[in-house]
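Have a look at protein_12.pdb; it's PDB, C-alpha atoms:
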```pdb
ATOM      1  CA  MET A   1      36.217   7.483 -57.171
ATOM      2  CA  VAL A   2      36.579   3.865 -56.009
ATOM      3  CA  ILE A   3      37.453   5.014 -52.475
ATOM      4  CA  ARG A   4      34.349   7.214 -52.259
ATOM      5  CA  PHE A   5      32.107   4.402 -53.493
ATOM      6  CA  THR A   6      33.667   1.917 -51.031
ATOM      7  CA  THR A   7      33.320   4.416 -48.189
ATOM      8  CA  PHE A   8      29.660   4.993 -49.107
ATOM      9  CA  VAL A   9      28.914   1.234 -49.219
ATOM     10  CA  LEU A  10      30.640   0.642 -45.881
ATOM     11  CA  PHE A  11      28.772   3.581 -44.322
ATOM     12  CA  ALA A  12      25.439   2.234 -45.647
ATOM     13  CA  LEU A  13      26.172  -1.262 -44.326
ATOM     14  CA  VAL A  14      26.997   0.131 -40.891
ATOM     15  CA  LEU A  15      23.715   2.080 -40.737
ATOM     16  CA  LEU A  16      21.500  -0.807 -41.882
ATOM     17  CA  PRO A  17      21.740  -2.837 -38.673
ATOM     18  CA  ILE A  18      21.188   0.283 -36.556
ATOM     19  CA  LYS A  19      17.971   1.065 -38.396
ATOM     20  CA  ASN A  20      16.687  -2.505 -37.997
ATOM     21  CA  ALA A  21      17.724  -2.645 -34.342
ATOM     22  CA  SER A  22      15.780   0.496 -33.469
ATOM     23  CA  ALA A  23      12.685  -0.747 -35.335
ATOM     24  CA  GLN A  24      12.865  -4.034 -33.427
ATOM     25  CA  ALA A  25      13.358  -2.258 -30.084
ATOM     26  CA  ALA A  26       9.848  -0.737 -30.342
ATOM     27  CA  ASP A  27       8.350  -4.156 -29.478
ATOM     28  CA  THR A  28       9.117  -4.102 -25.764
ATOM     29  CA  PRO A  29       7.246  -5.678 -22.858
ATOM     30  CA  TRP A  30       7.209  -2.326 -20.966
ATOM     31  CA  GLN A  31       4.973   0.520 -22.184
ATOM     32  CA  ILE A  32       3.950   3.752 -20.461
ATOM     33  CA  GLY A  33       1.216   6.323 -21.053
ATOM     34  CA  VAL A  34      -0.207   9.379 -19.311
ATOM     35  CA  VAL A  35      -3.927   9.980 -18.829
ATOM     36  CA  ASN A  36      -4.288  13.769 -18.891
ATOM     37  CA  GLU A  37      -8.096  13.928 -18.899
ATOM     38  CA  ASP A  38      -9.750  14.718 -15.570
ATOM     39  CA  LEU A  39     -10.806  11.198 -14.535
ATOM     40  CA  THR A  40     -13.385  12.613 -12.120
ATOM     41  CA  LYS A  41     -15.322  13.945 -15.136
ATOM     42  CA  ILE A  42     -14.433  11.728 -18.097
ATOM     43  CA  ASP A  43     -12.873   8.285 -18.317
ATOM     44  CA  THR A  44     -10.194   6.834 -20.563
ATOM     45  CA  THR A  45     -10.058   3.283 -21.874
ATOM     46  CA  VAL A  46      -6.892   1.233 -22.314
ATOM     47  CA  ALA A  47      -7.099  -1.060 -25.351
ATOM     48  CA  VAL A  48      -4.557  -3.886 -25.583
ATOM     49  CA  SER A  49      -3.857  -6.438 -28.269
ATOM     50  CA  ASN A  50      -1.445  -9.323 -28.696
ATOM     51  CA  SER A  51       0.431  -9.426 -32.016
ATOM     52  CA  GLY A  52       1.248 -13.113 -31.585
ATOM     53  CA  ALA A  53       5.006 -12.412 -31.401
ATOM     54  CA  SER A  54       5.379 -14.908 -28.542
ATOM     55  CA  SER A  55       3.495 -17.724 -30.294
ATOM     56  CA  THR A  56       5.409 -20.941 -30.949
ATOM     57  CA  ILE A  57       2.557 -23.114 -32.331
ATOM     58  CA  ALA A  58       0.458 -22.033 -35.330
ATOM     59  CA  SER A  59      -2.630 -24.220 -34.908
ATOM     60  CA  PRO A  60      -4.181 -23.981 -32.452
ATOM     61  CA  GLN A  61      -2.186 -20.823 -31.841
ATOM     62  CA  ASN A  62      -0.630 -20.384 -28.407
ATOM     63  CA  GLY A  63       1.168 -17.323 -27.081
ATOM     64  CA  ALA A  64      -1.376 -15.704 -24.772
ATOM     65  CA  ILE A  65       0.156 -12.878 -22.759
ATOM     66  CA  CYS A  66      -0.647 -11.297 -19.429
ATOM     67  CA  VAL A  67      -0.842  -7.531 -19.594
ATOM     68  CA  ASN A  68       0.075  -6.399 -16.086
ATOM     69  CA  VAL A  69      -1.242  -2.911 -15.350
ATOM     70  CA  TYR A  70       0.312  -0.545 -12.800
ATOM     71  CA  ALA A  71      -1.303   2.853 -12.184
ATOM     72  CA  THR A  72      -0.283   5.926 -10.258
ATOM     73  CA  SER A  73      -2.580   8.664  -9.085
ATOM     74  CA  ALA A  74      -0.673  11.692 -10.334
ATOM     75  CA  PRO A  75       1.122  13.653  -8.964
ATOM     76  CA  LEU A  76       2.057  10.771  -6.621
ATOM     77  CA  SER A  77       4.792   8.530  -7.960
ATOM     78  CA  SER A  78       3.745   5.400  -6.105
ATOM     79  CA  ILE A  79       1.586   2.626  -7.563
ATOM     80  CA  VAL A  80      -1.968   2.965  -6.189
ATOM     81  CA  ALA A  81      -3.625   0.194  -8.221
ATOM     82  CA  CYS A  82      -2.643  -2.823 -10.266
ATOM     83  CA  CYS A  83      -4.537  -5.471 -12.212
ATOM     84  CA  THR A  84      -4.005  -7.939 -15.035
ATOM     85  CA  CYS A  85      -5.567  -8.717 -18.394
ATOM     86  CA  ARG A  86      -5.021 -12.028 -20.213
ATOM     87  CA  VAL A  87      -4.889 -11.506 -23.994
ATOM     88  CA  GLN A  88      -4.821 -14.364 -26.503
ATOM     89  CA  ALA A  89      -2.758 -14.023 -29.685
ATOM     90  CA  ASN A  90      -4.511 -11.693 -32.163
ATOM     91  CA  ALA A  91      -7.176 -10.725 -29.607
ATOM     92  CA  LEU A  92      -8.231  -7.322 -28.307
ATOM     93  CA  ARG A  93      -9.188  -6.410 -24.725
ATOM     94  CA  ALA A  94     -10.192  -3.076 -23.210
ATOM     95  CA  PHE A  95     -10.647  -1.735 -19.695
ATOM     96  CA  SER A  96     -11.523   1.597 -18.107
ATOM     97  CA  VAL A  97      -8.845   3.529 -16.208
ATOM     98  CA  GLY A  98     -11.187   5.368 -13.826
ATOM     99  CA  LYS A  99     -13.977   2.810 -13.371
ATOM    100  CA  GLU A 100     -11.955  -0.423 -13.415
ATOM    101  CA  VAL A 101      -8.220   0.088 -12.813
ATOM    102  CA  LEU A 102      -8.550   2.890 -10.238
ATOM    103  CA  VAL A 103     -11.951   1.779  -8.915
ATOM    104  CA  SER A 104     -10.872   1.506  -5.254
ATOM    105  CA  VAL A 105      -8.586   4.566  -5.152
ATOM    106  CA  LEU A 106      -9.823   7.376  -2.902
ATOM    107  CA  PRO A 107      -9.819  10.264  -3.330
ATOM    108  CA  LYS A 108     -10.671   9.751  -7.000
ATOM    109  CA  ALA A 109      -7.635  10.279  -9.236
ATOM    110  CA  ARG A 110      -7.747  13.197 -11.645
ATOM    111  CA  THR A 111      -4.830  12.011 -13.805
ATOM    112  CA  SER A 112      -2.760   8.861 -13.917
ATOM    113  CA  VAL A 113       0.390   7.322 -15.306
ATOM    114  CA  ILE A 114      -0.398   3.867 -16.717
ATOM    115  CA  LYS A 115       2.425   1.345 -16.992
ATOM    116  CA  LEU A 116       1.916  -1.955 -18.841
ATOM    117  CA  LEU A 117       4.184  -4.992 -18.591
ATOM    118  CA  ALA A 118       3.698  -8.080 -20.787
ATOM    119  CA  SER A 119       4.507 -11.476 -19.289
ATOM    120  CA  THR A 120       3.629 -15.153 -19.740
ATOM    121  CA  GLY A 121       1.901 -15.659 -16.416
ATOM    122  CA  THR A 122       2.440 -18.825 -14.414
ATOM    123  CA  ALA A 123       0.493 -21.957 -15.361
ATOM    124  CA  GLY A 124      -2.043 -19.830 -17.253
ATOM    125  CA  ALA A 125      -2.639 -17.415 -14.354
ATOM    126  CA  CYS A 126      -1.716 -13.724 -14.465
ATOM    127  CA  ASN A 127      -0.221 -12.035 -11.403
ATOM    128  CA  ALA A 128       1.069  -8.450 -11.651
ATOM    129  CA  SER A 129       3.146  -8.792  -8.470
ATOM    130  CA  THR A 130       5.252 -11.659  -9.913
ATOM    131  CA  ALA A 131       5.757 -10.415 -13.511
ATOM    132  CA  GLY A 132       9.355 -10.871 -14.609
ATOM    133  CA  THR A 133      10.143 -13.444 -11.892
ATOM    134  CA  GLY A 134      10.313 -17.237 -11.969
ATOM    135  CA  ALA A 135       8.136 -18.767 -14.708
ATOM    136  CA  ASN A 136       6.267 -15.455 -15.223
ATOM    137  CA  VAL A 137       8.825 -14.213 -17.784
ATOM    138  CA  LEU A 138       8.567 -11.014 -19.815
ATOM    139  CA  VAL A 139       7.436 -11.318 -23.453
ATOM    140  CA  THR A 140       6.976  -9.158 -26.540
ATOM    141  CA  GLY A 141       3.885  -8.767 -28.698
ATOM    142  CA  MET A 142       1.865  -6.274 -26.637
ATOM    143  CA  LEU A 143       0.216  -3.391 -28.489
ATOM    144  CA  SER A 144      -1.626  -0.742 -26.479
ATOM    145  CA  TRP A 145      -3.608   2.476 -26.830
ATOM    146  CA  LEU A 146      -5.259   5.061 -24.591
ATOM    147  CA  VAL A 147      -8.714   5.917 -25.916
ATOM    148  CA  PRO A 148     -10.449   8.920 -24.322
ATOM    149  CA  ALA A 149     -14.179   8.561 -23.767
ATOM    150  CA  THR A 150     -16.696  11.062 -25.011
ATOM    151  CA  SER A 151     -19.259  12.942 -22.980
ATOM    152  CA  SER A 152     -21.825  15.587 -23.777
ATOM    153  CA  SER A 153     -19.363  18.329 -22.803
ATOM    154  CA  VAL A 154     -16.006  16.866 -23.911
ATOM    155  CA  ALA A 155     -15.253  15.291 -27.274
ATOM    156  CA  ALA A 156     -12.695  12.519 -27.678
ATOM    157  CA  VAL A 157      -9.486  13.610 -29.378
ATOM    158  CA  GLY A 158      -8.451  10.132 -30.571
ATOM    159  CA  LYS A 159      -6.376   7.190 -29.508
ATOM    160  CA  THR A 160      -2.751   7.443 -28.428
ATOM    161  CA  SER A 161      -0.272   4.569 -28.404
ATOM    162  CA  LEU A 162       1.486   3.940 -25.122
ATOM    163  CA  ASN A 163       5.224   4.521 -25.391
ATOM    164  CA  PRO A 164       7.691   1.627 -25.467
ATOM    165  CA  ALA A 165      10.238   2.148 -22.706
ATOM    166  CA  THR A 166      13.313   0.561 -21.181
ATOM    167  CA  LEU A 167      12.613  -1.368 -17.990
ATOM    168  CA  SER A 168      15.372  -1.341 -15.390
ATOM    169  CA  ALA A 169      15.747  -4.084 -12.798
ATOM    170  CA  ALA A 170      15.099  -1.494 -10.065
ATOM    171  CA  GLU A 171      11.845  -0.345 -11.709
ATOM    172  CA  LEU A 172      10.671  -3.959 -12.096
ATOM    173  CA  VAL A 173      11.278  -4.632  -8.401
ATOM    174  CA  SER A 174       9.635  -1.315  -7.469
ATOM    175  CA  VAL A 175       6.360  -1.835  -9.358
ATOM    176  CA  THR A 176       5.970  -5.528  -8.528
ATOM    177  CA  SER A 177       6.711  -5.027  -4.817
ATOM    178  CA  GLN A 178       4.278  -2.090  -4.597
ATOM    179  CA  CYS A 179       1.684  -4.235  -6.371
ATOM    180  CA  ALA A 180       2.288  -7.158  -3.985
ATOM    181  CA  VAL A 181       0.555  -5.266  -1.148
ATOM    182  CA  LEU A 182      -2.491  -4.567  -3.340
ATOM    183  CA  PRO A 183      -5.189  -7.103  -4.335
ATOM    184  CA  ASN A 184      -4.252  -9.412  -7.257
ATOM    185  CA  ARG A 185      -7.209  -9.058  -9.633
ATOM    186  CA  ALA A 186      -8.267  -8.993 -13.273
ATOM    187  CA  CYS A 187      -8.909  -5.482 -14.623
ATOM    188  CA  ASN A 188     -12.446  -6.574 -15.610
ATOM    189  CA  SER A 189     -14.435  -9.738 -16.381
ATOM    190  CA  THR A 190     -13.234  -9.982 -20.006
ATOM    191  CA  CYS A 191      -9.611  -9.844 -18.815
ATOM    192  CA  SER A 192      -9.905 -12.989 -16.705
ATOM    193  CA  GLY A 193     -10.982 -15.154 -19.666
ATOM    194  CA  PRO A 194      -8.927 -17.616 -21.688
TER     195      PRO A 194
END
```
Written as structure tokens, how would this file's structure read?
Amino acid sequence: MVIRFTTFVLFALVLLPIKNASAQAADTPWQIGVVNEDLTKIDTTVAVSNSGASSTIASPQNGAICVNVYATSAPLSSIVACCTCRVQANALRAFSVGKEVLVSVLPKARTSVIKLLASTGTAGACNASTAGTGANVLVTGMLSWLVPATSSSVAAVGKTSLNPATLSAAELVSVTSQCAVLPNRACNSTCSGP
């Protein structure tokens, strides 16, 4: 009886850290989502927020993050557009996939894979081609959703969280180097603010 109880307690103690570790792993700087709607007919919005996880000062609160956006025009696997969005702690920003992120992509993308990478920026400036390098270090605290738009012929289904993912060193180099040959820009006018 004592052996069973001890075995049970040891088993429970071993599982506790695993459960907490997996819950903590969901807050990653790298998140990915797929836009399945036909972007030539209906747009999708990306909504991003900053939980404040990277804040180190409570008042006035610091911890703004740069949400670096990398988009493919499916079925291509290469990055065709990138932009940034500066998000203060506890703030919310939104930008259109078709009309703002992929604005200069021709022919117009029908679907897209959206990849988001949270970083500090350098001296208050966001740059998607330098995320994860030098002073532009990766940070946690990014929350993100894809929100389909509505039109007279298609109803919105609801918002979908982007998926936390593991970022390899090769993927970081791939997306930032592809972005380096594209214009460095804010996703929209609200994204370039403080």
Evaluate the PyMOL selection byres ((chain A and resi 35) around 8) here and jot the selected residues down as a PDB file with C-alpha atoms, in the frame of the given file.
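File selection37.pdb, as written:
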```pdb
ATOM      1  CA  GLY A  33       1.216   6.323 -21.053  1.00  0.00           C
ATOM      2  CA  VAL A  34      -0.207   9.379 -19.311  1.00  0.00           C
ATOM      3  CA  ASN A  36      -4.288  13.769 -18.891  1.00  0.00           C
ATOM      4  CA  GLU A  37      -8.096  13.928 -18.899  1.00  0.00           C
ATOM      5  CA  THR A  44     -10.194   6.834 -20.563  1.00  0.00           C
ATOM      6  CA  THR A 111      -4.830  12.011 -13.805  1.00  0.00           C
ATOM      7  CA  SER A 112      -2.760   8.861 -13.917  1.00  0.00           C
ATOM      8  CA  VAL A 113       0.390   7.322 -15.306  1.00  0.00           C
ATOM      9  CA  ILE A 114      -0.398   3.867 -16.717  1.00  0.00           C
ATOM     10  CA  LEU A 146      -5.259   5.061 -24.591  1.00  0.00           C
TER      11      LEU A 146
END
```
Near A:Thr166, within 9 Å and counting all atoms listed in the file, which residues show up once chain neighbours fewer than 5 positions away are dropped, as a PyMOL selection string? chain A and resi 28-31
With C-alpha atoms kept, could you save the residues just selected as a PDB file, in the frame of the given file?
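again_5.pdb was written with the following content:
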```
ATOM      1  CA  THR A  28       9.117  -4.102 -25.764  1.00  0.00           C
ATOM      2  CA  PRO A  29       7.246  -5.678 -22.858  1.00  0.00           C
ATOM      3  CA  TRP A  30       7.209  -2.326 -20.966  1.00  0.00           C
ATOM      4  CA  GLN A  31       4.973   0.520 -22.184  1.00  0.00           C
TER       5      GLN A  31
END
```
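Distances here use all atoms listed in the file; by that measure, the residue among A:Cys126, A:Ala135, A:Leu182, A:Val97 closest to A:Thr84 is A:Cys126.
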Write out as a ChimeraX atom specification each polymer residue whose atoms come within 9 Å of stretch 65-79 of chain A, counting all atoms listed in the file; drop sequence neighbours fewer than 5 positions from it. /A:29,48,50,52,54,84-89,97,101-102,105,108-121,124-129,131,139-142,174-176,178-179,187
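For the atom pair formed by atom CA of A:Asn188 and atom CA of A:Thr45, the distance is 11.9 Å, given to one decimal.
The residue that comes closest to A:Ala91, out of A:Val181, A:Ala149, A:Ile32, A:Leu143 and on the basis of only C-alpha atoms, is A:Leu143.
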Hey, which of A:Val147, A:Ala64, A:Ala94, A:Leu172 ends up closest to A:Thr160? Count only C-alpha atoms. A:Val147
If I take atom CA of A:Phe95 and atom CA of A:Pro60, how far is one from the other in Å, to one decimal? 26.4 Å
note - atom CA of A:Ser192 and atom CA of A:Ile57 are separated by 22.4 Å
Taking only C-alpha atoms into account, name the residue in A:Ala170, A:Lys99, A:Ala81, A:Gly134 that is nearest to A:Arg185. A:Ala81
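Matched in the shown structure by the PyMOL selection byres ((chain A and resi 161) around 7): Ser144, Trp145, Leu146, Lys159, Thr160, Leu162 and Asn163 of chain A.
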